[in-house]
Structures are given as structure tokens and as C-alpha cells.
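Coordinates as given in structure11.cif (mmCIF, C-alpha atoms):
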data_coords
loop_
_atom_site.label_atom_id
_atom_site.label_comp_id
_atom_site.auth_asym_id
_atom_site.auth_seq_id
_atom_site.Cartn_x
_atom_site.Cartn_y
_atom_site.Cartn_z
CA MET A 52 168.82 158.50 26.44
CA GLU A 53 169.24 159.34 30.13
CA VAL A 54 166.23 159.51 32.46
CA PHE A 55 167.97 161.34 35.31
CA ARG A 56 170.72 163.95 35.54
CA TYR A 57 173.62 163.53 37.96
CA SER A 58 176.42 165.85 39.02
CA GLN A 59 179.39 165.68 41.39
CA ASN A 60 178.93 167.31 44.79
CA ALA A 61 181.66 169.08 46.78
CA TRP A 62 182.96 165.73 48.07
CA GLY A 63 183.16 164.23 44.60
CA GLN A 64 180.12 162.06 45.16
CA SER A 65 177.47 161.57 42.50
CA ALA A 66 174.37 163.67 43.31
CA LEU A 67 170.94 163.44 41.75
CA GLU A 68 170.19 166.65 39.77
CA GLY A 69 166.68 165.92 38.49
CA VAL A 70 165.08 164.48 35.36
CA SER A 71 167.11 164.44 32.18
CA TRP A 72 166.15 167.14 29.70
CA ASP A 73 166.51 164.47 27.00
CA LEU A 74 162.88 163.80 27.98
CA LEU A 75 161.75 167.25 26.77
CA PRO A 76 161.41 166.25 23.09
CA VAL A 77 159.80 162.95 24.17
CA PHE A 78 156.96 164.78 25.93
CA ILE A 79 156.58 167.31 23.10
CA ILE A 80 156.44 164.54 20.48
CA ALA A 81 153.98 162.51 22.61
CA ALA A 82 151.62 165.49 22.91
CA ALA A 83 151.99 166.36 19.21
CA THR A 84 151.29 162.72 18.28
CA PHE A 85 148.12 162.72 20.37
CA VAL A 86 147.01 165.96 18.67
CA ILE A 87 147.71 164.64 15.16
CA VAL A 88 146.06 161.24 15.75
CA HIS A 89 143.00 162.88 17.33
CA ALA A 90 142.71 165.45 14.52
CA LEU A 91 143.03 162.76 11.84
CA PHE A 92 140.49 160.51 13.55
CA MET A 93 138.00 163.36 13.92
CA TRP A 94 138.54 164.41 10.30
CA LEU A 95 138.40 160.97 8.69
CA PHE A 96 136.31 158.72 10.89
CA ALA A 97 134.24 160.56 13.45
CA PRO A 98 130.50 160.67 12.66
CA ARG A 99 129.00 164.08 11.99
CA LYS A 100 126.39 165.31 14.45
CA GLN A 101 122.88 165.62 13.00
CA MET B 171 118.97 172.79 36.71
CA THR B 172 116.09 174.14 34.63
CA ASP B 173 116.77 177.67 35.90
CA VAL B 174 119.78 177.83 33.59
CA VAL B 175 117.52 177.75 30.55
CA ASP B 176 114.34 179.29 31.89
CA LYS B 177 115.83 182.43 33.30
CA THR B 178 117.69 183.13 30.06
CA ARG B 179 114.93 182.29 27.59
CA ASP B 180 114.59 185.93 26.62
CA GLU B 181 118.31 186.67 26.57
CA GLN B 182 119.16 183.64 24.36
CA PHE B 183 122.38 183.01 26.20
CA VAL B 184 123.55 181.54 29.47
CA ILE B 185 126.44 182.57 31.66
CA ARG B 186 128.95 179.70 31.78
CA HIS B 187 131.83 181.54 33.43
CA SER B 188 131.49 184.65 35.57
CA LEU B 189 133.99 187.49 35.16
CA ILE B 190 136.00 186.49 38.23
CA ASP B 191 136.37 182.89 36.97
CA ARG B 192 137.46 184.08 33.53
CA LEU B 193 140.04 186.39 35.11
CA LEU B 194 141.29 183.51 37.26
CA HIS B 195 141.60 181.30 34.17
CA TRP B 196 143.48 183.85 32.07
CA VAL B 197 145.82 184.97 34.88
CA SER B 198 146.59 181.28 35.51
CA ALA B 199 147.10 180.72 31.79
CA VAL B 200 149.55 183.61 31.44
CA SER B 201 151.48 182.57 34.56
CA VAL B 202 151.66 178.92 33.41
CA LEU B 203 152.92 179.99 29.97
CA ILE B 204 155.54 182.26 31.56
CA LEU B 205 156.57 179.40 33.86
CA LEU B 206 156.89 176.98 30.94
CA PHE B 207 158.80 179.44 28.75
CA THR B 208 161.18 180.46 31.56
CA ALA B 209 161.71 176.79 32.42
CA PHE B 210 162.28 175.34 28.97
CA LEU B 211 163.67 178.15 26.79
CA PRO B 212 166.99 178.21 28.72
CA ILE B 213 167.18 174.41 28.32
CA ALA B 214 166.57 174.84 24.59
CA GLY B 215 169.53 177.21 24.40
CA PHE B 216 167.91 180.65 24.82
CA LYS B 217 169.95 182.02 27.70
CA PHE B 218 168.45 184.83 29.79
CA SER B 219 167.96 185.70 33.43
CA TRP B 220 164.91 183.56 34.10
CA VAL B 221 164.92 182.70 37.81
CA THR B 222 163.18 185.81 39.17
CA ILE B 223 160.53 185.82 36.42
CA HIS B 224 159.95 182.11 37.10
CA TRP B 225 159.41 182.29 40.85
CA VAL B 226 157.34 185.48 40.69
CA SER B 227 155.06 183.79 38.11
CA GLY B 228 154.96 180.76 40.38
CA PHE B 229 153.78 182.89 43.30
CA VAL B 230 151.09 184.46 41.09
CA LEU B 231 149.92 180.96 40.10
CA ILE B 232 149.87 179.82 43.75
CA ALA B 233 147.86 182.90 44.80
CA VAL B 234 145.37 182.49 41.95
CA SER B 235 145.03 178.75 42.62
CA LEU B 236 144.38 179.27 46.34
CA PHE B 237 141.75 181.90 45.50
CA HIS B 238 140.16 179.45 43.03
CA VAL B 239 140.11 176.63 45.60
CA VAL B 240 138.44 178.85 48.24
CA ARG B 241 135.96 180.21 45.71
CA SER B 242 135.16 176.69 44.44
CA CYS B 243 134.55 175.38 47.96
CA PHE B 244 132.37 178.20 49.27
CA TRP B 245 130.86 180.05 46.30
CA GLN B 246 130.51 177.37 43.64
CA ASP B 247 129.04 173.89 43.43
CA LEU B 248 131.91 171.40 43.69
CA HIS B 249 129.62 168.71 42.24
CA SER B 250 129.97 170.36 38.83
CA MET B 251 133.58 169.08 38.76
CA TYR B 252 132.97 165.72 40.46
CA PHE B 253 134.08 162.81 38.26
CA GLY B 254 131.89 159.80 38.99
CA SER B 255 130.18 156.78 37.49
CA SER B 256 127.90 158.95 35.35
CA ASP B 257 131.01 160.38 33.68
CA VAL B 258 132.26 156.86 32.95
CA LYS B 259 128.88 156.11 31.34
CA GLU B 260 129.12 159.32 29.29
CA ILE B 261 132.61 158.37 28.09
CA GLY B 262 131.39 154.87 27.17
CA ALA B 263 128.46 156.32 25.24
CA ALA B 264 130.73 158.80 23.46
CA LEU B 265 133.17 156.02 22.45
CA ARG B 266 130.33 153.84 21.10
CA TRP B 267 129.02 156.86 19.18
CA LEU B 268 132.48 157.69 17.79
CA LEU B 269 132.95 154.06 16.70
CA GLN B 270 129.49 154.23 15.11
CA ARG B 271 128.13 151.24 17.03
CA PRO B 272 124.42 150.51 16.38
CA ASP B 273 121.92 152.19 18.73
CA SER B 274 124.67 154.37 20.17
CA GLU B 275 123.59 157.71 21.50
CA LEU B 276 125.52 160.51 23.17
CA ILE B 277 124.70 161.27 26.81
CA LYS B 278 124.75 165.01 27.35
CA PRO B 279 126.84 166.17 30.32
CA GLY B 280 126.04 168.84 32.88
CA LYS B 281 128.14 172.01 32.96
CA TYR B 282 131.41 170.17 32.24
CA SER B 283 132.02 167.12 30.03
CA PRO B 284 134.02 164.16 31.40
CA ALA B 285 136.95 165.21 29.19
CA GLN B 286 136.87 168.74 30.63
CA LYS B 287 136.78 167.34 34.17
CA LEU B 288 139.72 165.02 33.46
CA MET B 289 141.68 167.92 31.95
CA HIS B 290 140.92 170.06 35.02
CA HIS B 291 141.92 167.32 37.46
CA SER B 292 145.08 166.45 35.52
CA VAL B 293 146.22 170.08 35.42
CA SER B 294 145.30 170.50 39.11
CA LEU B 295 147.37 167.49 40.17
CA ILE B 296 150.35 168.46 38.02
CA VAL B 297 150.26 172.10 39.11
CA LEU B 298 149.97 171.01 42.77
CA VAL B 299 153.19 168.96 42.42
CA THR B 300 154.99 171.89 40.72
CA MET B 301 153.78 174.25 43.46
CA ILE B 302 154.84 172.09 46.41
CA THR B 303 158.24 171.30 44.91
CA GLY B 304 158.61 174.89 43.65
CA ILE B 305 157.99 176.27 47.15
CA LEU B 306 160.62 173.88 48.54
CA MET B 307 163.09 174.98 45.86
CA MET B 308 162.50 178.63 46.84
CA VAL B 309 164.59 177.86 49.95
CA LYS B 310 167.64 177.74 47.67
CA ILE B 311 167.25 181.24 46.21
CA ASP B 312 167.46 184.72 47.71
CA THR B 313 164.15 186.55 47.87
CA PRO B 314 163.09 189.84 49.54
CA TRP B 315 161.84 187.73 52.48
CA TRP B 316 164.65 185.27 53.18
CA ASP B 317 168.26 184.41 52.33
CA ARG B 318 168.93 181.17 50.56
CA ASP B 319 169.88 178.01 52.40
CA LEU B 320 171.59 175.51 50.12
CA TYR B 321 171.83 172.81 52.77
CA TRP B 322 168.25 172.70 54.06
CA LEU B 323 167.89 169.21 52.55
CA THR B 324 170.47 166.58 51.63
CA ASP B 325 171.67 166.31 48.03
CA GLN B 326 169.63 163.14 47.60
CA SER B 327 166.45 164.82 48.92
CA TRP B 328 166.96 167.86 46.69
CA GLY B 329 167.43 165.47 43.77
CA ILE B 330 164.04 163.90 44.46
CA VAL B 331 162.42 167.35 44.71
CA TYR B 332 163.99 168.31 41.35
CA ILE B 333 162.79 165.07 39.75
CA PHE B 334 159.19 165.70 40.80
CA HIS B 335 159.38 169.37 39.73
CA GLY B 336 160.91 168.50 36.37
CA LEU B 337 158.57 165.59 35.63
CA ALA B 338 155.52 167.66 36.58
CA ALA B 339 156.77 170.48 34.32
CA LEU B 340 157.16 168.05 31.40
CA PHE B 341 153.65 166.66 31.96
CA LEU B 342 152.31 170.21 32.27
CA LEU B 343 153.89 171.15 28.93
CA ALA B 344 152.25 168.16 27.21
CA VAL B 345 148.86 168.72 28.84
CA ILE B 346 148.88 172.45 27.99
CA MET B 347 149.71 171.63 24.34
CA ILE B 348 146.68 169.29 24.25
CA HIS B 349 144.50 171.85 26.08
CA ILE B 350 145.36 174.57 23.53
CA TYR B 351 144.68 172.13 20.66
CA PHE B 352 141.18 171.41 21.98
CA ALA B 353 140.56 175.13 22.56
CA PHE B 354 140.98 175.70 18.81
CA ARG B 355 139.00 172.68 17.57
CA PRO B 356 135.93 173.89 15.63
CA GLU B 357 133.42 172.03 17.82
CA LYS B 358 135.06 173.37 20.99
CA LEU B 359 135.41 177.02 19.96
CA MET B 360 132.19 177.85 21.81
CA TYR B 361 133.91 176.90 25.08
CA THR B 362 136.90 179.10 24.25
CA ARG B 363 134.50 181.93 23.40
CA SER B 364 132.70 181.36 26.70
CA MET B 365 136.03 181.68 28.51
CA ILE B 366 136.34 185.15 26.92
CA SER B 367 132.77 186.45 26.93
CA GLY B 368 131.46 184.17 29.66
CA LYS B 369 128.46 183.16 27.55
CA LEU B 370 127.05 180.20 25.66
CA THR B 371 124.00 180.62 23.47
CA ARG B 372 120.85 178.86 24.61
CA ALA B 373 120.99 176.71 21.46
CA GLU B 374 124.58 175.63 22.26
CA LEU B 375 123.59 174.78 25.81
CA LEU B 376 120.66 172.62 24.72
CA ASP B 377 122.68 171.02 21.91
CA GLN B 378 125.71 170.02 24.02
CA HIS B 379 124.51 169.93 27.64
CA ASP B 380 121.73 168.64 29.83
CA PRO B 381 120.29 171.64 31.71
CA GLU B 382 118.90 169.26 34.35
CA LYS B 383 122.46 168.24 35.27
CA TRP B 384 123.94 171.76 35.02
CA ARG B 385 125.35 173.01 38.34
CA ASN B 386 127.16 176.29 38.83
#

Kindly return the structure encoded in the file as C-alpha cells.
Amino acid sequence: MEVFRYSQNAWGQSALEGVSWDLLPVFIIAAATFVIVHALFMWLFAPRKQ
Amino acid sequence: MTDVVDKTRDEQFVIRHSLIDRLLHWVSAVSVLILLFTAFLPIAGFKFSWVTIHWVSGFVLIAVSLFHVVRSCFWQDLHSMYFGSSDVKEIGAALRWLLQRPDSELIKPGKYSPAQKLMHHSVSLIVLVTMITGILMMVKIDTPWWDRDLYWLTDQSWGIVYIFHGLAALFLLAVIMIHIYFAFRPEKLMYTRSMISGKLTRAELLDQHDPEKWRN
């Protein structure tokens, strides 16, 4: 998986293009994992308020 | 701030967000969603003409954010959003309570919980990075006010600007997903409702917040 994107500029040199969009699913999965873990913890383990 | 409760004893509700703050929130929310969709849908394969929609939404977000900053500094109490040692203590107490440690007791926050403050500050920082880099990137597109200049920065410098813009956008996507999740959690629905109606009931206020710490 690439972290950065590169392209060739007009002189044939490698130019930085930004972050790799391979990271898009990584961030989506990280956020979804947080949501699922939090929801499961709150459902199964969190004490109920009196 | 005992006034919060006392002055509303008869009305049975308190105003948490005034109309102008709710409008600011929802205009920001719509512009952020448009920015995220116009940024990531083309990457996901949905091709459409997204650039103009993206920068116009960006300008709306910048205008709304500047208005919010000015309003917060001069018409609201900035202390309500200050994250300090008392917030660390509240987080510690909440963790002990969640882990069901003996003698653990929740410490009620003022107007905003530590988690809400952290969410606000995270979004603020991320949006600030997207705004600064987004404004710089505007140099490379034609607008009604200027013609584009592709060579204003070197390739390497543009690359760094793109990295910060892209990374901030990815973090913003993740944070907004988490924000929307919390907005729909049963115990947080009252906050979502208050962002629509502006109100919390007096019972909700006393159950979840310390009126003595509440600052508007």
C-alpha cells in the first residue's frame, strides 16, 4: 500500500502529488472499528445509570 | 451558573444552543458533507464535475467558521470550551465508572463534556488545515476573482500542500463518521435534539450537567 502519490512533471521528474487514496479505506475502517468496539462495549459492559 | 436552572424553573427547559448557533452548526454540517462527498466520490469512481461545488462549499465553510470564531470570542464564554485539568479529572472519573471500579462516581461537566470539547477541538484543527491548504490550492483554479497560476509554488511545495489537505480530509471523514455515530446513540439523542430545537429539559440538565459549571 502506498502512502504518497507521485507523478511525472513536464521535465520527467518525479513530483509529489499528495497522499495515496489507498488510505481512504484505512480511515473508513478505523472509524467503523471505533464505532463497533464502542457500541459493543456500551451494550455489553457499560454500567447502567441509576 | 445557577441562573441556568433558576430562570427556567417554570419553563422546564433550558436553552443550550441559540438559533444562530444552530444555524451555524447545520450550515457547517451541510458544507462539510458536500466537501467530503465531492472530494471522495470521484476517487471512489463516481465521476462528475466536482471542483466548483467543492470550492464554493469550502468558501461557505470558511465564512461560517470565521463568523463562529468572532461570535465565540465576543458574544460567548470561551471558557465553556476550555479543556483543562478538570476535564482530565472528569475523563478519569468516567473511565473508573465505566470499568466499574469501587467508589467510582461520575463528575458532571458544565455545558460541554470533555468528549464534546475534544471533538470540537479535533474538528477545528482538522478543518483549519483543510481551509489553509484549500485556500492555497484555490490559486490553481480559475474563479470569478482571479485566473489560475499553476506555478505559484514549486512542485515539491504543492505536493506538501496536497498531502496536508488530503490527510486532513481523511481525518475529517473519520471524525465525522464518529460524530454522527455519537449523535444517534440513545444517551446522546438529547444533544442532537438540542441542536435542532435548542433546548434541553431541566431534568436532562440536572441529570447530565453541573449547573454551577455551566457557562454560555

- Task: Tell me the residues of chain B close to chain A, meaning within 9 Å using all atoms listed in the file, as a count of residues only.
- Result: 29

- Message: I need every residue sitting at most 12 Å from the point (144.3, 183.2, 36.6) (coordinates as in the file, all atoms listed in the file considered), written as a PyMOL selection string.
- Response: chain B and resi 189-203+227-239+365

Once 8 Å is added on each side, what are the centre and the three edge lengths, in Å to one decimal, of the axis-aligned box enclosing the listed atoms of region 60-74 of chain A? Present them as AutoDock Vina command-line options.
--center_x 173.0 --center_y 165.3 --center_z 37.5 --size_x 36.3 --size_y 23.5 --size_z 37.1

- What is the distance between CA of Leu95 (chain A) and CA of Arg372 (chain B), in Å to one decimal? 29.7 Å

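This file gives the following result for the PyMOL selection byres ((chain B and resi 280) around 10): Met171, Ser250, Met251, Asp257, Ile277, Lys278, Pro279, Lys281, Tyr282, Ser283, Pro284, Leu375, Gln378, His379, Asp380, Pro381, Glu382, Lys383, Trp384, Arg385 and Asn386 of chain B.
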
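Residue nearest Ala339 (chain B) within the list B:Cys243, B:Gly262, B:Ile296, B:Gly215: B:Ile296 [criterion: smallest interatomic distance, only C-alpha atoms].
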
Neighbour list for Leu295 (chain B) as a JSON list (two decimals) with C-alpha atoms, keeping the file's coordinate frame, cut-off 12 Å, all atoms listed in the file, skip fewer than 3 positions in-chain:
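Saved result, around12.json, follows:
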[["chain", "number", "residue", "atom", "x", "y", "z"],
["B", 235, "SER", "CA", 145.03, 178.75, 42.62],
["B", 288, "LEU", "CA", 139.72, 165.02, 33.46],
["B", 289, "MET", "CA", 141.68, 167.92, 31.95],
["B", 290, "HIS", "CA", 140.92, 170.06, 35.02],
["B", 291, "HIS", "CA", 141.92, 167.32, 37.46],
["B", 292, "SER", "CA", 145.08, 166.45, 35.52],
["B", 298, "LEU", "CA", 149.97, 171.01, 42.77],
["B", 299, "VAL", "CA", 153.19, 168.96, 42.42],
["B", 300, "THR", "CA", 154.99, 171.89, 40.72],
["B", 301, "MET", "CA", 153.78, 174.25, 43.46],
["B", 302, "ILE", "CA", 154.84, 172.09, 46.41],
["B", 334, "PHE", "CA", 159.19, 165.70, 40.80],
["B", 338, "ALA", "CA", 155.52, 167.66, 36.58],
["B", 339, "ALA", "CA", 156.77, 170.48, 34.32],
["B", 341, "PHE", "CA", 153.65, 166.66, 31.96],
["B", 342, "LEU", "CA", 152.31, 170.21, 32.27],
["B", 345, "VAL", "CA", 148.86, 168.72, 28.84]]

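Going from CA of His187 (chain B) over to CA of Val258 (chain B), you cover 24.7 Å.
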
- Between CA of Thr208 (chain B) and CA of Trp220 (chain B), what is the spacing in Å? 5.5 Å
